[in-house]
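Notes follow the structure.
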Amino acid sequence: MSIMVGSEVEIQDRSGVEHELIEGQRCMVTRVHPGELMLTVWDGFNELDIPKSQTKEVKTK
């Protein structure tokens with residue numbers, strides 16, 4: 001599966017966003033940046049940019 005707007009992702013590595021996110025936290029993707037290397041995620045309070053490589057898509061049933 002590919003990560004797209006509306007996907008739920010789990011934070012695997014919070015380097016660069018240590019003050020905003022915790023590892024294992026689940027967030028909703030609100031934007032996939034051109035080139036698909038960066039994501040904008042919503043954690044319920046803020047929108048944050050994080051490298052796609054630092055996330056893992058959560059499989060939905």
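Going by the structure tokens order, chains are called A, B, ..., each with residues numbered from 1, while ligands are numbered from 1 in the order shown.
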
Applying 7 Å and only C-alpha atoms, which residues near Gly24 (chain A) remain after dropping the ones on its own chain fewer than 4 positions away? List them as a PDB file with N, CA and C atoms, in the first residue's frame.
ATOM      1  N   GLU A  10       2.185   5.569  11.535  1.00  0.00           N
ATOM      2  CA  GLU A  10       2.779   5.483  12.865  1.00  0.00           C
ATOM      3  C   GLU A  10       4.183   6.060  12.784  1.00  0.00           C
ATOM      4  N   ILE A  11       4.533   6.895  13.738  1.00  0.00           N
ATOM      5  CA  ILE A  11       5.861   7.506  13.773  1.00  0.00           C
ATOM      6  C   ILE A  11       6.872   6.454  14.225  1.00  0.00           C
ATOM      7  N   GLN A  12       7.902   6.213  13.403  1.00  0.00           N
ATOM      8  CA  GLN A  12       8.933   5.223  13.696  1.00  0.00           C
ATOM      9  C   GLN A  12      10.219   5.860  14.195  1.00  0.00           C
TER      10      GLN A  12
END

Can you pull out every residue within 12 Å of Ser7 (chain A), counting only C-alpha atoms, but drop anything in the same chain fewer than 4 positions away, and send it as an MDAnalysis selection string?
chainID A and resid 1:3 26:32 39:42 55:60

Would you put the residues from that selection into a file with C-alpha atoms, as a PDB file, in the first residue's frame?
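Okay, again_13.pdb is ready:
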ATOM      1  CA  MET A   1       0.000   0.000   0.000  1.00  0.00           C
ATOM      2  CA  SER A   2       1.171   3.499  -0.638  1.00  0.00           C
ATOM      3  CA  ILE A   3       0.783   6.369   1.771  1.00  0.00           C
ATOM      4  CA  ARG A  26      -0.396   7.565  15.090  1.00  0.00           C
ATOM      5  CA  CYS A  27      -1.147  10.530  12.852  1.00  0.00           C
ATOM      6  CA  MET A  28      -3.331  11.250   9.816  1.00  0.00           C
ATOM      7  CA  VAL A  29      -1.627  12.286   6.562  1.00  0.00           C
ATOM      8  CA  THR A  30      -2.942  15.642   5.301  1.00  0.00           C
ATOM      9  CA  ARG A  31      -0.435  16.193   2.473  1.00  0.00           C
ATOM     10  CA  VAL A  32       2.064  14.166   0.470  1.00  0.00           C
ATOM     11  CA  LEU A  39       4.546  14.067   4.548  1.00  0.00           C
ATOM     12  CA  THR A  40       2.476  16.604   6.424  1.00  0.00           C
ATOM     13  CA  VAL A  41       0.718  14.837   9.298  1.00  0.00           C
ATOM     14  CA  TRP A  42      -2.012  15.894  11.736  1.00  0.00           C
ATOM     15  CA  THR A  55       6.808   6.690   9.273  1.00  0.00           C
ATOM     16  CA  LYS A  56       5.046   3.389   8.685  1.00  0.00           C
ATOM     17  CA  GLU A  57       1.560   3.080   7.223  1.00  0.00           C
ATOM     18  CA  VAL A  58      -0.981   1.543   9.582  1.00  0.00           C
ATOM     19  CA  LYS A  59      -2.980  -1.155   7.848  1.00  0.00           C
ATOM     20  CA  THR A  60      -6.736  -0.688   8.123  1.00  0.00           C
TER      21      THR A  60
END

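With CA of Glu47 (chain A) on one side and CA of Leu21 (chain A) on the other, the separation reads 10.8 Å.
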
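For the set A:Ser15, A:Met4, A:Gly35, A:Glu23, the residue with the smallest atom-to-atom gap to Ile50 (chain A) is A:Ser15, counting only C-alpha atoms.
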
Please report, as a count of residues only, each residue of chain A to which DSSP assigns strand (DSSP E) when run on this structure's backbone.
24
